[in-house]
Structures are given as C-alpha cells and as structure tokens.
file entry23.cif (mmCIF, C-alpha atoms and all ligand atoms)
data_model
loop_
_atom_site.group_PDB
_atom_site.id
_atom_site.type_symbol
_atom_site.label_atom_id
_atom_site.label_comp_id
_atom_site.auth_asym_id
_atom_site.auth_seq_id
_atom_site.Cartn_x
_atom_site.Cartn_y
_atom_site.Cartn_z
ATOM 1 C CA THR A 1 -30.774 -167.160 20.695
ATOM 2 C CA VAL A 2 -27.266 -165.845 21.081
ATOM 3 C CA PHE A 3 -25.969 -168.932 19.311
ATOM 4 C CA ALA A 4 -28.045 -168.429 16.215
ATOM 5 C CA LYS A 5 -27.228 -164.790 15.542
ATOM 6 C CA ASN A 6 -24.660 -165.438 12.838
ATOM 7 C CA MET A 7 -26.409 -168.372 11.191
ATOM 8 C CA THR A 8 -26.887 -167.698 7.498
ATOM 9 C CA ASP A 9 -27.948 -169.533 4.376
ATOM 10 C CA ALA A 10 -24.258 -169.994 3.623
ATOM 11 C CA ASN A 11 -24.383 -172.733 6.255
ATOM 12 C CA ALA A 12 -26.915 -174.557 4.091
ATOM 13 C CA GLU A 13 -24.622 -175.147 1.105
ATOM 14 C CA ARG A 14 -24.928 -178.720 -0.181
ATOM 15 C CA THR A 15 -22.608 -181.140 -1.934
ATOM 16 C CA PHE A 16 -22.933 -184.552 -3.522
ATOM 17 C CA ILE A 17 -20.548 -187.138 -2.077
ATOM 18 C CA ALA A 18 -20.477 -190.768 -3.211
ATOM 19 C CA VAL A 19 -18.581 -193.818 -2.011
ATOM 20 C CA LYS A 20 -17.613 -195.562 -5.260
ATOM 21 C CA PRO A 21 -17.935 -199.360 -5.788
ATOM 22 C CA ASP A 22 -14.361 -200.005 -4.590
ATOM 23 C CA GLY A 23 -15.017 -197.984 -1.418
ATOM 24 C CA VAL A 24 -18.192 -199.966 -0.746
ATOM 25 C CA GLN A 25 -16.449 -203.310 -1.393
ATOM 26 C CA ARG A 26 -13.569 -202.317 0.856
ATOM 27 C CA GLY A 27 -15.854 -201.510 3.765
ATOM 28 C CA LEU A 28 -15.192 -197.770 3.791
ATOM 29 C CA VAL A 29 -18.779 -196.446 3.752
ATOM 30 C CA GLY A 30 -18.866 -195.957 7.516
ATOM 31 C CA GLU A 31 -15.400 -194.382 7.637
ATOM 32 C CA ILE A 32 -16.312 -191.820 4.973
ATOM 33 C CA ILE A 33 -19.656 -190.989 6.618
ATOM 34 C CA LYS A 34 -17.856 -190.700 9.950
ATOM 35 C CA ARG A 35 -15.421 -188.075 8.696
ATOM 36 C CA PHE A 36 -18.206 -185.803 7.437
ATOM 37 C CA GLU A 37 -20.296 -186.370 10.577
ATOM 38 C CA GLN A 38 -17.411 -185.681 12.913
ATOM 39 C CA ARG A 39 -16.402 -182.541 11.026
ATOM 40 C CA GLY A 40 -19.852 -181.179 11.835
ATOM 41 C CA TYR A 41 -21.612 -181.490 8.503
ATOM 42 C CA LYS A 42 -25.266 -182.449 8.297
ATOM 43 C CA LEU A 43 -26.381 -185.566 6.395
ATOM 44 C CA VAL A 44 -29.317 -184.652 4.170
ATOM 45 C CA ALA A 45 -29.658 -187.813 2.052
ATOM 46 C CA GLY A 46 -28.041 -191.208 1.543
ATOM 47 C CA LYS A 47 -28.738 -194.394 -0.401
ATOM 48 C CA LEU A 48 -26.992 -197.538 -1.611
ATOM 49 C CA MET A 49 -27.646 -198.190 -5.285
ATOM 50 C CA VAL A 50 -26.204 -199.796 -8.402
ATOM 51 C CA ALA A 51 -26.128 -196.764 -10.671
ATOM 52 C CA PRO A 52 -27.564 -197.221 -14.175
ATOM 53 C CA LYS A 53 -25.018 -196.634 -16.959
ATOM 54 C CA ALA A 54 -27.095 -193.741 -18.338
ATOM 55 C CA LEU A 55 -26.931 -191.948 -14.974
ATOM 56 C CA LEU A 56 -23.159 -192.415 -14.807
ATOM 57 C CA GLU A 57 -22.680 -191.235 -18.394
ATOM 58 C CA ASN A 58 -24.640 -188.099 -17.556
ATOM 59 C CA HIS A 59 -22.812 -187.628 -14.243
ATOM 60 C CA TYR A 60 -19.429 -187.788 -16.010
ATOM 61 C CA LYS A 61 -20.509 -186.208 -19.319
ATOM 62 C CA ASP A 62 -17.797 -183.524 -19.127
ATOM 63 C CA LEU A 63 -15.204 -186.323 -19.299
ATOM 64 C CA ALA A 64 -16.774 -188.070 -22.328
ATOM 65 C CA ASP A 65 -13.769 -187.320 -24.566
ATOM 66 C CA LYS A 66 -11.192 -188.645 -22.089
ATOM 67 C CA PRO A 67 -9.472 -191.960 -22.842
ATOM 68 C CA PHE A 68 -10.461 -193.330 -19.420
ATOM 69 C CA TYR A 69 -14.182 -192.438 -19.754
ATOM 70 C CA SER A 70 -15.570 -195.842 -20.722
ATOM 71 C CA GLY A 71 -13.428 -197.575 -18.094
ATOM 72 C CA LEU A 72 -14.624 -195.024 -15.556
ATOM 73 C CA VAL A 73 -18.294 -195.708 -16.331
ATOM 74 C CA THR A 74 -17.692 -199.486 -16.209
ATOM 75 C CA TYR A 75 -15.918 -199.128 -12.849
ATOM 76 C CA MET A 76 -18.687 -196.954 -11.419
ATOM 77 C CA ALA A 77 -21.343 -199.447 -12.598
ATOM 78 C CA SER A 78 -19.433 -202.485 -11.277
ATOM 79 C CA GLY A 79 -21.234 -202.568 -7.913
ATOM 80 C CA PRO A 80 -23.251 -200.466 -5.536
ATOM 81 C CA VAL A 81 -22.274 -196.909 -4.725
ATOM 82 C CA PHE A 82 -23.330 -195.097 -1.566
ATOM 83 C CA ALA A 83 -24.676 -191.721 -2.690
ATOM 84 C CA MET A 84 -25.017 -188.880 -0.189
ATOM 85 C CA VAL A 85 -25.867 -185.223 0.185
ATOM 86 C CA TRP A 86 -24.026 -183.273 2.906
ATOM 87 C CA GLU A 87 -24.848 -179.758 4.049
ATOM 88 C CA GLY A 88 -22.907 -177.012 5.822
ATOM 89 C CA LYS A 89 -20.654 -174.013 5.508
ATOM 90 C CA GLU A 90 -18.452 -174.231 2.396
ATOM 91 C CA VAL A 91 -19.131 -177.970 2.261
ATOM 92 C CA VAL A 92 -18.338 -178.196 -1.463
ATOM 93 C CA LYS A 93 -14.810 -176.865 -1.056
ATOM 94 C CA MET A 94 -14.229 -178.562 2.286
ATOM 95 C CA GLY A 95 -15.562 -181.860 0.941
ATOM 96 C CA ARG A 96 -13.014 -181.775 -1.881
ATOM 97 C CA LYS A 97 -10.256 -181.078 0.669
ATOM 98 C CA MET A 98 -11.430 -183.955 2.852
ATOM 99 C CA LEU A 99 -11.422 -186.317 -0.163
ATOM 100 C CA GLY A 100 -7.927 -185.260 -1.299
ATOM 101 C CA ALA A 101 -6.476 -184.946 -4.793
ATOM 102 C CA THR A 102 -7.999 -186.905 -7.688
ATOM 103 C CA ASN A 103 -4.809 -188.977 -7.926
ATOM 104 C CA PRO A 104 -4.505 -190.658 -4.509
ATOM 105 C CA ARG A 105 -0.720 -190.701 -4.729
ATOM 106 C CA GLU A 106 -0.888 -186.915 -4.720
ATOM 107 C CA SER A 107 -3.447 -186.825 -1.894
ATOM 108 C CA ALA A 108 -2.044 -185.759 1.457
ATOM 109 C CA PRO A 109 -2.074 -188.361 4.246
ATOM 110 C CA GLY A 110 -5.034 -187.524 6.459
ATOM 111 C CA THR A 111 -7.353 -187.103 3.491
ATOM 112 C CA ILE A 112 -9.738 -189.914 2.577
ATOM 113 C CA ARG A 113 -7.952 -190.809 -0.651
ATOM 114 C CA GLY A 114 -4.563 -190.161 0.946
ATOM 115 C CA ASP A 115 -5.348 -192.679 3.663
ATOM 116 C CA TYR A 116 -7.204 -195.441 1.809
ATOM 117 C CA CYS A 117 -6.248 -195.792 -1.861
ATOM 118 C CA ILE A 118 -3.456 -195.722 -4.422
ATOM 119 C CA ASP A 119 -4.636 -195.629 -8.067
ATOM 120 C CA VAL A 120 -6.597 -192.789 -9.729
ATOM 121 C CA GLY A 121 -8.961 -195.284 -11.347
ATOM 122 C CA ARG A 122 -9.794 -196.757 -7.898
ATOM 123 C CA ASN A 123 -9.982 -193.608 -5.808
ATOM 124 C CA ILE A 124 -12.987 -194.776 -3.699
ATOM 125 C CA CYS A 125 -15.000 -191.553 -3.481
ATOM 126 C CA HIS A 126 -16.556 -188.698 -5.422
ATOM 127 C CA GLY A 127 -17.212 -185.101 -4.399
ATOM 128 C CA SER A 128 -18.751 -182.245 -6.378
ATOM 129 C CA ASP A 129 -16.150 -179.740 -7.605
ATOM 130 C CA ALA A 130 -18.245 -176.518 -7.432
ATOM 131 C CA VAL A 131 -21.552 -175.291 -6.024
ATOM 132 C CA GLU A 132 -23.232 -175.365 -9.474
ATOM 133 C CA THR A 133 -21.886 -178.867 -10.129
ATOM 134 C CA ALA A 134 -23.249 -179.956 -6.748
ATOM 135 C CA GLN A 135 -26.717 -178.675 -7.633
ATOM 136 C CA ARG A 136 -26.653 -180.553 -10.933
ATOM 137 C CA GLU A 137 -25.379 -183.761 -9.335
ATOM 138 C CA ILE A 138 -27.844 -183.689 -6.427
ATOM 139 C CA ALA A 139 -30.731 -183.261 -8.880
ATOM 140 C CA LEU A 140 -29.354 -186.100 -11.006
ATOM 141 C CA TRP A 141 -28.949 -188.615 -8.163
ATOM 142 C CA PHE A 142 -31.824 -187.707 -5.831
ATOM 143 C CA LYS A 143 -35.501 -186.908 -6.032
ATOM 144 C CA ASP A 144 -36.585 -183.874 -4.017
ATOM 145 C CA ASP A 145 -38.444 -186.040 -1.492
ATOM 146 C CA GLU A 146 -35.273 -188.017 -0.768
ATOM 147 C CA LEU A 147 -33.621 -184.898 0.692
ATOM 148 C CA CYS A 148 -34.465 -184.695 4.392
ATOM 149 C CA ASP A 149 -35.392 -181.317 5.790
ATOM 150 C CA TYR A 150 -34.647 -181.249 9.514
ATOM 151 C CA GLU A 151 -33.051 -179.138 12.212
ATOM 152 C CA PHE A 152 -29.524 -180.301 12.962
ATOM 153 C CA ALA A 153 -29.200 -180.591 16.749
ATOM 154 C CA ASP A 154 -25.441 -179.896 16.683
ATOM 155 C CA LYS A 155 -25.649 -176.715 14.690
ATOM 156 C CA LYS A 156 -25.389 -174.213 17.528
ATOM 157 C CA TRP A 157 -22.299 -176.056 18.771
ATOM 158 C CA VAL A 158 -20.681 -176.219 15.329
ATOM 159 C CA TYR A 159 -21.312 -172.668 14.120
ATOM 160 C CA GLU A 160 -20.616 -169.434 16.026
HETATM 161 P P1 LIG B 1 -12.487 -185.857 -9.329
HETATM 162 O O1 LIG B 1 -13.220 -187.154 -9.054
HETATM 163 O O2 LIG B 1 -11.407 -185.613 -8.327
HETATM 164 O O3 LIG B 1 -13.411 -184.688 -9.489
HETATM 165 P P2 LIG B 1 -12.233 -185.853 -12.231
HETATM 166 O O4 LIG B 1 -11.135 -185.220 -13.003
HETATM 167 O O5 LIG B 1 -13.585 -185.212 -12.256
HETATM 168 O O6 LIG B 1 -11.717 -186.036 -10.729
HETATM 169 O O7 LIG B 1 -12.353 -187.351 -12.739
HETATM 170 C C1 LIG B 1 -13.453 -188.151 -12.345
HETATM 171 C C2 LIG B 1 -12.953 -189.517 -11.967
HETATM 172 O O8 LIG B 1 -12.386 -190.123 -13.132
HETATM 173 C C3 LIG B 1 -11.823 -189.545 -10.945
HETATM 174 O O9 LIG B 1 -12.271 -189.467 -9.611
HETATM 175 C C4 LIG B 1 -11.204 -190.890 -11.238
HETATM 176 O O10 LIG B 1 -11.960 -191.960 -10.659
HETATM 177 C C5 LIG B 1 -11.342 -190.983 -12.748
HETATM 178 N N1 LIG B 1 -10.114 -190.546 -13.422
HETATM 179 C C6 LIG B 1 -9.654 -189.285 -13.544
HETATM 180 N N2 LIG B 1 -8.484 -189.264 -14.215
HETATM 181 C C7 LIG B 1 -8.211 -190.540 -14.522
HETATM 182 C C8 LIG B 1 -7.140 -191.181 -15.219
HETATM 183 O O11 LIG B 1 -6.179 -190.553 -15.679
HETATM 184 N N3 LIG B 1 -7.213 -192.546 -15.333
HETATM 185 C C9 LIG B 1 -8.253 -193.276 -14.827
HETATM 186 N N4 LIG B 1 -9.270 -192.720 -14.171
HETATM 187 C C10 LIG B 1 -9.254 -191.362 -14.019
HETATM 188 MG MG MG B 2 -14.821 -184.302 -10.908
#

call {"tool": "encode", "arguments": {"input": "entry23.cif", "output": "structure tokens", "more": "lines below"}}
Ligand code: IDP
Ligand code: MG
result
Amino acid sequence: TVFAKNMTDANAERTFIAVKPDGVQRGLVGEIIKRFEQRGYKLVAGKLMVAPKALLENHYKDLADKPFYSGLVTYMASGPVFAMVWEGKEVVKMGRKMLGATNPRESAPGTIRGDYCIDVGRNICHGSDAVETAQREIALWFKDDELCDYEFADKKWVYE
C-alpha cells in the first residue's frame, strides 16, 4: 500500500528496557510502558521477574570494577523488575532519550528519570545504550520464544 512504501528493517530495531525494583515498588510500570506505547513503539516482550544475581552480574559486567557495582547488583536483586523489549525506528537511541541521563538530577524534566526520581542509585529504569548492547541484553533476559512476532496495527499511522 501507499503507506508501506518506505517501511524498512530500520523500523524493526529493538531495545531492552527494564523497570528497576524501585520503579516497580513505586507503581511506575504502567507509566513507563505508557510512554513507549504512546510514542508509537511496539511492545515485543515483557515479564515481571526477580532477577537472579548471576544474570545481573552478567548484565552489568562492564561495570564490575566500579565502586558502586556490588550495591548496584544488590539493588537490582532487591525485588521484581519488569523487563521489556521495544521495537521501532531508532528505538535504542530514542529509548535512552526518553529515560533521561543516568543521574536523574541531570535528566531533563519530561524524561522518565527527570520526572520520577532523584538519586543515580535509584534511577528506576534501564535502557540499552547501543544496538549491539541491546542484542546482548535481549538474549540475556529473554528466550527467543518469549519475543512476540506480530504485525503492529498502528504502524502505517506511525511511519510514513
Ligand atoms: P545507564 O543505566 O544510564 O546506562 P550506566 O553507567 O550503565 O548508566 O550505569 C548502570 C546503572 O548503575 C545506572 O543506571 C545506575 O543505576 C547505577 N549507577 C551508575 N553510576 C552510579 C553511581 O555513581 N552510584 C551509584 N549507582 C550508579
Ligand atoms: Mg548502561
């Protein structure tokens, strides 16, 4: 159709987004889902889980030499996280923008962190920082059969 003529695989980029234990406890799962839904991104997977320490250590392995690493893993294991995969054009980069800066006090108002949190060690959400990182994180957190393959009804109204 005329709507689909410019649709490309670039619109199928995926990112891993997680609501951290503080975000879950503070009732922000729905708010964070809502922002990605309303932007026009497609939800591909989602689950509430208490992440095993080994998974979190792997997820954050690049930060293993940081002084805050063990506290970070303890924080992330302290309750359920809501893990998600979102799909759409430049969703990795746009997801990071929607989350805001790592330190919430440097996150612009209007971003998720800029609207809902204050301390870097309680910054309520995670988003992959690059396409390759997203692929690694999605494979770490989800089995292939947990990723839903479906046609997104909104897509011809979201993309030109
Ligand atoms: P990101 O989550 O924005 O990608 P990273 O640098 O990858 O930021 O750090 C991962 C997570 O580690 C942050 O989201 C935050 O929860 C935590 N973190 C980062 N820097 C600090 C710090 O200086 N003190 C405590 N926690 C930190
Ligand atoms: Mg990071």

call {"tool": "resolve_selection", "arguments": {"input": "entry23.cif", "expression": "the PyMOL selection byres (((chain A and resi 111) around 9) and not hetatm)", "output": "PyMOL selection string"}}
result
chain A and resi 97-101+107-110+112-116

call {"tool": "residues_around", "arguments": {"input": "entry23.cif", "residues": "range 138-151 of chain A", "least_positions_apart": "3", "cutoff": "7 Å", "atoms": "only C-alpha atoms", "output": "ChimeraX atom specification"}}
result
/A:16,44-45,134-135

call {"tool": "residues_near_ligand", "arguments": {"input": "entry23.cif", "ligand": "ligand LIG 1 (chain B)", "cutoff": "9 Å", "atoms": "only C-alpha atoms and all ligand atoms", "output": "JSON, numbers by chain"}}
result
{"A": [20, 60, 62, 63, 66, 67, 68, 69, 71, 72, 73, 75, 76, 96, 99, 100, 101, 102, 103, 119, 120, 121, 122, 123, 124, 125, 126, 127, 128, 129]}

call {"tool": "resolve_selection", "arguments": {"input": "entry23.cif", "expression": "the PyMOL selection byres (((chain A and resi 35-41) around 9) and not hetatm)", "output": "count of residues only"}}
result
20

call {"tool": "closest_residue", "arguments": {"input": "entry23.cif", "among": "A:Cys117, A:Ala18, A:Ala12, A:Leu28", "to": "ligand MG 2 (chain B)", "atoms": "all atoms listed in the file"}}
result
A:Ala18

call {"tool": "residues_around", "arguments": {"input": "entry23.cif", "residues": "Lys47 in chain A", "least_positions_apart": "2", "cutoff": "9 Å", "atoms": "all atoms listed in the file", "output": "NGL selection string"}}
result
:A and (45 or 49 or 81-84)

call {"tool": "atom_distance", "arguments": {"input": "entry23.cif", "atom1": "CA of Ala10 in chain A", "atom2": "CA of Lys61 in chain A"}}
result
28.3 Å

call {"tool": "closest_residue", "arguments": {"input": "entry23.cif", "among": "A:Met94, A:Val85, A:Asp9, A:His59", "to": "ligand MG 2 (chain B)", "atoms": "all atoms listed in the file"}}
result
A:His59

call {"tool": "axis_aligned_box", "arguments": {"input": "entry23.cif", "around": "range 103-107 of chain A", "padding_each_side": "6 Å", "output": "JSON"}}
result
{"center_x": -2.8, "center_y": -188.8, "center_z": -4.9, "size_x": 16.1, "size_y": 15.9, "size_z": 18.0}

call {"tool": "closest_residue", "arguments": {"input": "entry23.cif", "among": "A:Asn58, A:Thr133, A:Thr15, A:Ser70", "to": "ligand MG 2 (chain B)", "atoms": "all atoms listed in the file"}}
result
A:Thr133

call {"tool": "closest_residue", "arguments": {"input": "entry23.cif", "among": "A:Glu57, A:Glu90, A:Glu106, A:Asp65", "to": "Arg14 in chain A", "atoms": "all atoms listed in the file"}}
result
A:Glu90

call {"tool": "closest_residue", "arguments": {"input": "entry23.cif", "among": "A:Asn11, A:Ala153, A:Ala130, A:Arg136", "to": "ligand MG 2 (chain B)", "atoms": "all atoms listed in the file"}}
result
A:Ala130

call {"tool": "atom_distance", "arguments": {"input": "entry23.cif", "atom1": "CA of Gly46 in chain A", "atom2": "atom MG of ligand MG 2 (chain B)"}}
result
19.4 Å

call {"tool": "atom_distance", "arguments": {"input": "entry23.cif", "atom1": "CA of Ile118 in chain A", "atom2": "CA of Arg26 in chain A"}}
result
13.2 Å

call {"tool": "closest_residue", "arguments": {"input": "entry23.cif", "among": "A:Pro104, A:Pro52, A:Pro21, A:Val92", "to": "Pro80 in chain A", "atoms": "all atoms listed in the file"}}
result
A:Pro21
